[in-house]
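Asker: Next up, query25.txt (compact mmCIF, C-alpha atoms).
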# COMPACT_ATOMS: atom_id res chain seq x y z
CA MET A 671 -119.12 93.59 195.06
CA LYS A 672 -118.74 94.38 191.37
CA GLN A 673 -118.93 98.12 192.16
CA ASN A 674 -116.23 97.83 194.85
CA TYR A 675 -113.89 96.03 192.43
CA SER A 676 -114.49 98.70 189.80
CA TYR A 677 -113.78 101.49 192.27
CA PHE A 678 -110.52 99.81 193.42
CA PHE A 679 -109.37 99.40 189.79
CA ILE A 680 -110.06 103.07 189.00
CA CYS A 681 -108.00 104.20 192.05
CA LEU A 682 -105.01 102.12 190.93
CA LEU A 683 -105.23 103.57 187.44
CA MET A 684 -105.28 107.15 188.75
CA MET A 685 -102.24 106.55 190.96
CA ALA A 686 -100.28 105.14 188.02
CA CYS A 687 -101.05 108.22 185.94
CA ASN A 688 -100.27 110.69 188.74
CA PRO A 689 -97.67 113.20 187.34
CA LYS A 690 -96.03 113.55 190.76
CA ASN A 691 -95.08 109.88 190.77
CA LYS A 692 -93.71 110.22 187.24
CA THR A 693 -91.58 113.20 188.26
CA VAL A 694 -90.05 111.33 191.20
CA GLU A 695 -89.21 108.34 188.98
CA GLN A 696 -87.63 110.56 186.32
CA ALA A 697 -85.55 112.46 188.87
CA SER A 698 -84.27 109.18 190.29
CA ASN A 699 -83.18 107.98 186.85
CA GLU A 700 -81.25 111.23 186.21
CA LEU A 701 -78.97 110.88 189.24
CA ASN A 702 -75.40 110.30 187.99
CA PRO A 703 -72.16 110.00 190.01
CA THR A 704 -70.01 113.14 190.05
CA VAL A 705 -66.78 112.78 188.04
CA ALA A 706 -63.81 114.69 189.45
CA THR A 707 -61.98 116.85 186.91
CA VAL A 708 -58.24 117.59 186.93
CA ASN A 709 -57.01 121.14 186.39
CA GLN A 710 -55.14 121.23 183.06
CA ASN A 711 -53.55 124.66 183.64
CA PHE A 712 -51.25 125.11 186.61
CA ALA A 713 -47.80 126.26 187.63
CA PHE A 714 -44.72 124.35 188.68
CA THR A 715 -42.79 125.86 191.60
CA GLU A 716 -39.14 125.39 192.49
CA PHE A 717 -38.34 123.14 195.43
CA PHE A 718 -35.19 121.75 196.99
CA PRO A 719 -34.87 117.97 197.41
CA ASP A 720 -32.63 116.49 200.08
CA SER A 721 -28.94 116.52 199.19
CA LEU A 722 -26.81 113.40 199.52
CA SER A 723 -23.32 113.81 200.96
CA ASN A 724 -22.27 110.15 200.83
CA ALA A 725 -23.19 109.23 197.24
CA LYS A 726 -20.57 107.07 195.52
CA LEU A 727 -20.18 105.54 192.05
CA ALA A 728 -17.11 103.62 190.95
CA ASP A 729 -14.84 105.50 188.52
CA PHE A 730 -16.96 108.66 188.75
CA SER A 731 -16.28 111.96 190.47
CA ILE A 732 -19.55 113.23 191.93
CA ARG A 733 -20.22 116.97 191.84
CA SER A 734 -23.65 116.94 193.49
CA ALA A 735 -26.27 114.39 194.49
CA TYR A 736 -29.95 114.48 195.45
CA LEU A 737 -32.61 112.11 196.73
CA LEU A 738 -35.72 111.64 194.56
CA ASP A 739 -38.05 109.05 196.05
CA SER A 740 -35.63 106.21 196.84
CA ASN A 741 -33.43 107.04 193.82
CA GLN A 742 -30.24 109.07 193.59
CA LEU A 743 -29.92 111.89 191.07
CA ILE A 744 -26.27 112.81 190.61
CA VAL A 745 -24.10 115.08 188.52
CA ALA A 746 -20.91 113.12 187.95
CA SER A 747 -17.88 112.92 185.65
CA HIS A 748 -16.09 109.74 184.62
CA TRP A 749 -12.38 109.72 185.41
CA THR A 750 -9.32 107.58 184.73
CA LYS A 751 -5.95 107.53 186.47
CA ASP A 752 -4.02 108.59 183.37
CA GLY A 753 -6.68 111.02 182.08
CA SER A 754 -7.33 109.01 178.92
CA ILE A 755 -10.78 108.83 177.35
CA GLU A 756 -12.58 105.56 177.91
CA ALA A 757 -16.18 104.35 178.04
CA PRO A 758 -18.67 105.79 178.68
CA ASP A 759 -16.77 108.89 177.43
CA THR A 760 -15.90 109.44 173.78
CA GLU A 761 -14.30 112.29 171.84
CA THR A 762 -17.74 113.86 171.37
CA ASP A 763 -19.45 112.72 174.55
CA TYR A 764 -17.61 113.49 177.77
CA GLY A 765 -17.70 115.64 180.88
CA ALA A 766 -20.30 115.83 183.63
CA ARG A 767 -23.51 113.85 183.18
CA LEU A 768 -26.87 113.88 184.88
CA MET A 769 -27.45 110.33 186.12
CA LEU A 770 -30.24 108.49 187.88
CA LEU A 771 -29.28 105.60 190.13
CA SER A 772 -31.41 103.20 192.14
CA LYS A 773 -30.82 102.94 195.90
CA ASP A 774 -28.45 100.01 195.23
CA ASN A 775 -26.49 102.09 192.66
CA LYS A 776 -27.96 100.46 189.55
CA GLN A 777 -27.80 102.97 186.68
CA LEU A 778 -31.28 103.87 185.42
CA PHE A 779 -30.35 106.81 183.17
CA ALA A 780 -27.32 108.78 182.04
CA SER A 781 -27.44 111.94 179.93
CA HIS A 782 -25.08 112.92 177.16
CA GLY A 783 -21.90 114.48 178.55
CA PHE A 784 -22.00 118.23 179.16
CA MET A 785 -18.54 118.44 177.57
CA ASP A 786 -16.45 121.49 178.67
CA LEU A 787 -19.14 123.31 180.66
CA PHE A 788 -17.91 124.60 184.01
CA LEU A 789 -21.31 124.58 185.68
CA VAL A 790 -24.02 121.90 185.59
CA GLU A 791 -26.51 122.82 188.30
CA PRO A 792 -29.89 121.04 188.60
CA HIS A 793 -32.96 122.98 189.74
CA PHE A 794 -36.20 121.20 190.55
CA TYR A 795 -39.83 122.13 189.89
CA LYS A 796 -43.03 120.35 190.93
CA ASN A 797 -46.79 120.99 191.16
CA ASP A 798 -49.70 119.93 193.37
CA GLN A 799 -51.56 118.09 190.59
CA ASP A 800 -49.33 115.08 189.90
CA GLN A 801 -45.96 113.52 190.73
CA ARG A 802 -43.89 114.84 187.84
CA ILE A 803 -40.70 116.80 188.49
CA ILE A 804 -39.15 119.13 185.92
CA ILE A 805 -35.36 119.39 186.23
CA LEU A 806 -33.71 122.44 184.71
CA CYS A 807 -29.92 122.04 184.55
CA GLN A 808 -28.44 125.53 184.49
CA THR A 809 -25.18 125.45 182.52
CA ALA A 810 -22.32 127.93 182.25
CA PHE A 811 -18.83 128.52 180.92
CA GLU A 812 -17.50 131.80 182.36
CA TYR A 813 -21.08 133.01 181.83
CA PHE A 814 -24.53 131.44 181.91
CA SER A 815 -25.28 129.56 178.72
CA GLY A 816 -28.85 128.27 178.85
CA ALA A 817 -30.12 125.04 180.36
CA GLU A 818 -30.90 121.39 179.63
CA LEU A 819 -34.40 120.14 180.49
CA PHE A 820 -35.33 116.78 181.98
CA ILE A 821 -38.49 115.27 183.43
CA TYR A 822 -38.61 112.76 186.27
CA GLU A 823 -41.69 110.56 186.69
CA ASN A 824 -42.46 106.94 187.55
CA ASN A 825 -38.88 106.42 188.75
CA SER A 826 -37.45 107.30 185.33
CA LEU A 827 -35.65 110.29 183.83
CA LYS A 828 -36.07 111.69 180.31
CA HIS A 829 -34.29 114.48 178.43
CA LEU A 830 -36.69 117.05 176.93
CA GLY A 831 -34.28 119.39 175.16
CA ASN A 832 -32.27 122.59 175.50
CA LEU A 833 -33.30 126.13 176.45
CA ASP A 834 -30.78 128.01 174.31
CA LEU A 835 -31.00 131.47 175.84
CA SER A 836 -30.06 133.50 178.89
CA GLY A 837 -30.89 136.77 180.59
CA LYS A 838 -29.95 139.91 178.73
CA ASP A 839 -26.60 140.36 180.51
CA MET A 840 -25.44 136.68 180.65
CA ASP A 841 -24.84 137.20 184.38
CA THR A 842 -28.49 136.52 185.10
CA SER A 843 -29.25 132.87 185.70
CA LEU A 844 -32.04 131.36 183.64
CA VAL A 845 -33.45 130.05 186.90
CA ASP A 846 -34.05 133.65 188.00
CA ILE A 847 -36.37 134.40 185.08
CA VAL A 848 -37.94 131.11 183.94
CA ARG A 849 -41.57 130.20 184.67
CA VAL A 850 -42.76 126.60 184.20
CA ASN A 851 -46.44 125.93 183.55
CA GLN A 852 -48.72 123.13 182.45
CA GLN A 853 -51.03 124.30 179.65
CA ALA A 854 -53.58 121.68 178.62
CA ASP A 855 -51.44 118.78 177.35
CA SER A 856 -48.22 120.85 177.02
CA LEU A 857 -45.42 122.22 179.17
CA LEU A 858 -44.85 125.96 178.74
CA PHE A 859 -41.60 127.77 179.60
CA THR A 860 -41.78 131.57 179.70
CA PHE A 861 -39.30 134.22 180.86
CA ASP A 862 -39.65 137.27 183.09
CA SER A 863 -37.26 139.56 181.25
CA ASP A 864 -37.84 142.41 178.80
CA SER A 865 -34.90 141.19 176.66
CA LEU A 866 -33.22 137.83 176.09
CA LEU A 867 -29.89 136.71 174.68
CA LEU A 868 -30.41 133.90 172.18
CA ASN A 869 -27.71 131.28 171.59
CA PRO A 870 -25.34 132.55 174.32
CA GLY A 871 -21.72 131.65 173.55
CA GLY A 872 -22.60 131.02 169.89
CA ASN A 873 -24.21 133.31 167.34
CA GLU A 874 -25.50 135.60 170.06
CA GLU A 875 -28.58 137.69 169.34
CA MET A 876 -30.10 140.18 171.79
CA VAL A 877 -33.85 140.47 171.23
CA LYS A 878 -36.88 141.96 172.90
CA ASN A 879 -38.99 139.43 174.73
CA ASN A 880 -42.32 139.60 172.93
CA ASN A 881 -43.88 136.62 174.68
CA MET A 882 -41.04 134.30 173.63
CA HIS A 883 -41.46 130.81 175.02
CA TYR A 884 -40.59 127.15 174.68
CA LEU A 885 -43.39 124.61 174.33
CA TYR A 886 -43.00 120.89 174.98
CA LYS A 887 -45.80 118.91 173.32
CA ASP A 888 -46.08 115.40 171.87
CA GLY A 889 -42.44 114.69 172.73
CA VAL A 890 -41.03 117.77 170.95
CA LEU A 891 -39.58 121.00 172.44
CA THR A 892 -40.11 124.02 170.16
CA PHE A 893 -39.04 127.66 170.50
CA ASN A 894 -41.59 130.34 169.63
CA ARG A 895 -40.51 133.94 169.12
Would you write out, as structure tokens, the structure that this file holds?
Answerer:
Amino acid sequence: MKQNYSYFFICLLMMACNPKNKTVEQASNELNPTVATVNQNFAFTEFFPDSLSNAKLADFSIRSAYLLDSNQLIVASHWTKDGSIEAPDTETDYGARLMLLSKDNKQLFASHGFMDLFLVEPHFYKNDQDQRIIILCQTAFEYFSGAELFIYENNSLKHLGNLDLSGKDMDTSLVDIVRVNQQADSLLFTFDSDSLLLNPGGNEEMVKNNNMHYLYKDGVLTFNR
């Protein structure tokens, strides 16, 4: 009986030291859940949201209106019967505005007035990675004069800044040449044109496009030339 117990003990000891068993145990411990990664470099493409033909806002003349989620995005100008300036307009803040309204017409956002600009035309860009929408408002007097940038996300609208340039002949819309991309934690705006007109309508400067671009990062829009 003593020999049988000794033999049984030796077998258990050999099984515990078996390298195959150790390998299986180690492999089991190294199994980790796969973590999905999000692409940090991708393009935004232009799209066309549904237009609204019956949008109304008291004391405002609506130029155009669009449906974003359940909200209304409108381009509208405040008006008075006698043409006088009254709130929300001031001597330095008047004209068409880009406004975001809830479905029950509660004002969620209103931009600074576009003053004497003839054209305020929103264009919309989205991607397949998240729910953000970039809104590029093409502006013009008798000629194209750059664009104002906004971002729509989480039912809110924010102004990013101004793209103060146009195509080389001022008859080319910025929308025709702009490219919108996500680059890591930044938004990148580049232009498909060999030359660009800087500060159209102001101190105009025609320059060659040597990878000129705008970069929006950490809440700041910067021009790089």
Asker: Please provide the set of residues having any atom within 9 Å of Arg849 of chain A, restricted to all atoms listed in the file, with same-chain residues fewer than 3 positions apart removed, written as a PyMOL selection string.
Answerer: chain A and resi 713-715+845-846+858-862
Asker: For each of A:Asp759, A:Asp888, A:Glu791, A:Asp786, take the minimum atom-to-atom distance to Leu844 of chain A, counting all atoms listed in the file, then give the residue where this is smallest.
Answerer: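 Looking at the shortest contact to Leu844 of chain A, the residue is A:Glu791.
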Asker: Between A:Phe779, A:Phe811, A:Phe712, A:Trp749, which residue has the minimum interatomic distance to Asp798 of chain A, considering all atoms listed in the file?
Answerer: A:Phe712
Asker: Could you tell me which of A:Gly765, A:Gly837, A:Pro758, A:Pro719 comes closest to Phe814 of chain A if we count only C-alpha atoms?
Answerer: A:Gly837
Asker: For a test of reading the model, state the distance in Å between atom CA of Ser781 of chain A and atom CA of Leu885 of chain A, rounded to one decimal.
Answerer: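 Between atom CA of Ser781 of chain A and atom CA of Leu885 of chain A the gap is 21.1 Å.
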Asker: Taking all heavy atoms as the atom set, what does segment 856-867 of chain A look like once completed, written as a PDB file, in the frame of the given file?
Answerer:
ATOM      1  N   SER A 856     -49.570 120.387 177.340  1.00  0.00           N
ATOM      2  CA  SER A 856     -48.220 120.850 177.020  1.00  0.00           C
ATOM      3  C   SER A 856     -47.535 121.436 178.244  1.00  0.00           C
ATOM      4  O   SER A 856     -48.189 121.817 179.214  1.00  0.00           O
ATOM      5  CB  SER A 856     -48.281 121.926 175.922  1.00  0.00           C
ATOM      6  OG  SER A 856     -48.999 121.481 174.798  1.00  0.00           O
ATOM      7  N   LEU A 857     -46.200 121.501 178.181  1.00  0.00           N
ATOM      8  CA  LEU A 857     -45.420 122.220 179.170  1.00  0.00           C
ATOM      9  C   LEU A 857     -44.965 123.532 178.531  1.00  0.00           C
ATOM     10  O   LEU A 857     -44.442 123.552 177.412  1.00  0.00           O
ATOM     11  CB  LEU A 857     -44.198 121.402 179.602  1.00  0.00           C
ATOM     12  CG  LEU A 857     -44.479 120.165 180.445  1.00  0.00           C
ATOM     13  CD1 LEU A 857     -43.203 119.343 180.613  1.00  0.00           C
ATOM     14  CD2 LEU A 857     -45.039 120.545 181.808  1.00  0.00           C
ATOM     15  N   LEU A 858     -45.158 124.629 179.260  1.00  0.00           N
ATOM     16  CA  LEU A 858     -44.850 125.960 178.740  1.00  0.00           C
ATOM     17  C   LEU A 858     -43.762 126.598 179.587  1.00  0.00           C
ATOM     18  O   LEU A 858     -43.871 126.664 180.814  1.00  0.00           O
ATOM     19  CB  LEU A 858     -46.121 126.817 178.767  1.00  0.00           C
ATOM     20  CG  LEU A 858     -45.992 128.268 178.296  1.00  0.00           C
ATOM     21  CD1 LEU A 858     -45.690 128.316 176.801  1.00  0.00           C
ATOM     22  CD2 LEU A 858     -47.274 129.036 178.609  1.00  0.00           C
ATOM     23  N   PHE A 859     -42.711 127.108 178.923  1.00  0.00           N
ATOM     24  CA  PHE A 859     -41.600 127.770 179.600  1.00  0.00           C
ATOM     25  C   PHE A 859     -41.536 129.220 179.121  1.00  0.00           C
ATOM     26  O   PHE A 859     -41.262 129.481 177.951  1.00  0.00           O
ATOM     27  CB  PHE A 859     -40.283 127.050 179.302  1.00  0.00           C
ATOM     28  CG  PHE A 859     -40.280 125.604 179.719  1.00  0.00           C
ATOM     29  CD1 PHE A 859     -40.755 124.621 178.857  1.00  0.00           C
ATOM     30  CD2 PHE A 859     -39.820 125.235 180.968  1.00  0.00           C
ATOM     31  CE1 PHE A 859     -40.767 123.283 179.240  1.00  0.00           C
ATOM     32  CE2 PHE A 859     -39.828 123.897 181.352  1.00  0.00           C
ATOM     33  CZ  PHE A 859     -40.304 122.926 180.491  1.00  0.00           C
ATOM     34  N   THR A 860     -41.814 130.149 180.023  1.00  0.00           N
ATOM     35  CA  THR A 860     -41.780 131.570 179.700  1.00  0.00           C
ATOM     36  C   THR A 860     -40.710 132.253 180.552  1.00  0.00           C
ATOM     37  O   THR A 860     -40.166 131.659 181.488  1.00  0.00           O
ATOM     38  CB  THR A 860     -43.158 132.219 179.959  1.00  0.00           C
ATOM     39  OG1 THR A 860     -43.528 132.024 181.337  1.00  0.00           O
ATOM     40  CG2 THR A 860     -44.224 131.611 179.060  1.00  0.00           C
ATOM     41  N   PHE A 861     -40.439 133.549 180.243  1.00  0.00           N
ATOM     42  CA  PHE A 861     -39.300 134.220 180.860  1.00  0.00           C
ATOM     43  C   PHE A 861     -39.654 135.638 181.282  1.00  0.00           C
ATOM     44  O   PHE A 861     -40.153 136.428 180.472  1.00  0.00           O
ATOM     45  CB  PHE A 861     -38.117 134.228 179.873  1.00  0.00           C
ATOM     46  CG  PHE A 861     -37.833 132.856 179.326  1.00  0.00           C
ATOM     47  CD1 PHE A 861     -38.352 132.458 178.090  1.00  0.00           C
ATOM     48  CD2 PHE A 861     -37.093 131.931 180.051  1.00  0.00           C
ATOM     49  CE1 PHE A 861     -38.129 131.189 177.588  1.00  0.00           C
ATOM     50  CE2 PHE A 861     -36.871 130.650 179.556  1.00  0.00           C
ATOM     51  CZ  PHE A 861     -37.380 130.282 178.327  1.00  0.00           C
ATOM     52  N   ASP A 862     -39.372 135.950 182.546  1.00  0.00           N
ATOM     53  CA  ASP A 862     -39.650 137.270 183.090  1.00  0.00           C
ATOM     54  C   ASP A 862     -38.467 138.199 182.848  1.00  0.00           C
ATOM     55  O   ASP A 862     -37.672 138.491 183.750  1.00  0.00           O
ATOM     56  CB  ASP A 862     -39.939 137.181 184.594  1.00  0.00           C
ATOM     57  CG  ASP A 862     -41.296 136.579 184.888  1.00  0.00           C
ATOM     58  OD1 ASP A 862     -42.118 136.498 183.959  1.00  0.00           O
ATOM     59  OD2 ASP A 862     -41.527 136.186 186.041  1.00  0.00           O
ATOM     60  N   SER A 863     -38.333 138.644 181.612  1.00  0.00           N
ATOM     61  CA  SER A 863     -37.260 139.560 181.250  1.00  0.00           C
ATOM     62  C   SER A 863     -37.694 140.333 180.001  1.00  0.00           C
ATOM     63  O   SER A 863     -38.288 139.737 179.093  1.00  0.00           O
ATOM     64  CB  SER A 863     -35.967 138.796 180.968  1.00  0.00           C
ATOM     65  OG  SER A 863     -34.930 139.666 180.561  1.00  0.00           O
ATOM     66  N   ASP A 864     -37.410 141.629 179.953  1.00  0.00           N
ATOM     67  CA  ASP A 864     -37.840 142.410 178.800  1.00  0.00           C
ATOM     68  C   ASP A 864     -36.999 142.117 177.557  1.00  0.00           C
ATOM     69  O   ASP A 864     -37.431 142.327 176.430  1.00  0.00           O
ATOM     70  CB  ASP A 864     -37.805 143.914 179.110  1.00  0.00           C
ATOM     71  CG  ASP A 864     -36.439 144.401 179.562  1.00  0.00           C
ATOM     72  OD1 ASP A 864     -35.487 143.597 179.578  1.00  0.00           O
ATOM     73  OD2 ASP A 864     -36.321 145.583 179.922  1.00  0.00           O
ATOM     74  N   SER A 865     -35.771 141.583 177.773  1.00  0.00           N
ATOM     75  CA  SER A 865     -34.900 141.190 176.660  1.00  0.00           C
ATOM     76  C   SER A 865     -34.236 139.865 176.981  1.00  0.00           C
ATOM     77  O   SER A 865     -34.044 139.509 178.148  1.00  0.00           O
ATOM     78  CB  SER A 865     -33.830 142.255 176.398  1.00  0.00           C
ATOM     79  OG  SER A 865     -34.406 143.484 176.030  1.00  0.00           O
ATOM     80  N   LEU A 866     -33.864 139.131 175.931  1.00  0.00           N
ATOM     81  CA  LEU A 866     -33.220 137.830 176.090  1.00  0.00           C
ATOM     82  C   LEU A 866     -32.053 137.713 175.126  1.00  0.00           C
ATOM     83  O   LEU A 866     -32.085 138.275 174.020  1.00  0.00           O
ATOM     84  CB  LEU A 866     -34.217 136.703 175.822  1.00  0.00           C
ATOM     85  CG  LEU A 866     -35.404 136.584 176.783  1.00  0.00           C
ATOM     86  CD1 LEU A 866     -36.453 135.626 176.208  1.00  0.00           C
ATOM     87  CD2 LEU A 866     -34.955 136.117 178.154  1.00  0.00           C
ATOM     88  N   LEU A 867     -31.036 136.987 175.546  1.00  0.00           N
ATOM     89  CA  LEU A 867     -29.890 136.710 174.680  1.00  0.00           C
ATOM     90  C   LEU A 867     -30.051 135.305 174.126  1.00  0.00           C
ATOM     91  O   LEU A 867     -29.993 134.318 174.867  1.00  0.00           O
ATOM     92  CB  LEU A 867     -28.578 136.841 175.447  1.00  0.00           C
ATOM     93  CG  LEU A 867     -27.314 136.640 174.625  1.00  0.00           C
ATOM     94  CD1 LEU A 867     -27.166 137.753 173.583  1.00  0.00           C
ATOM     95  CD2 LEU A 867     -26.075 136.582 175.512  1.00  0.00           C
TER      96      LEU A 867
END
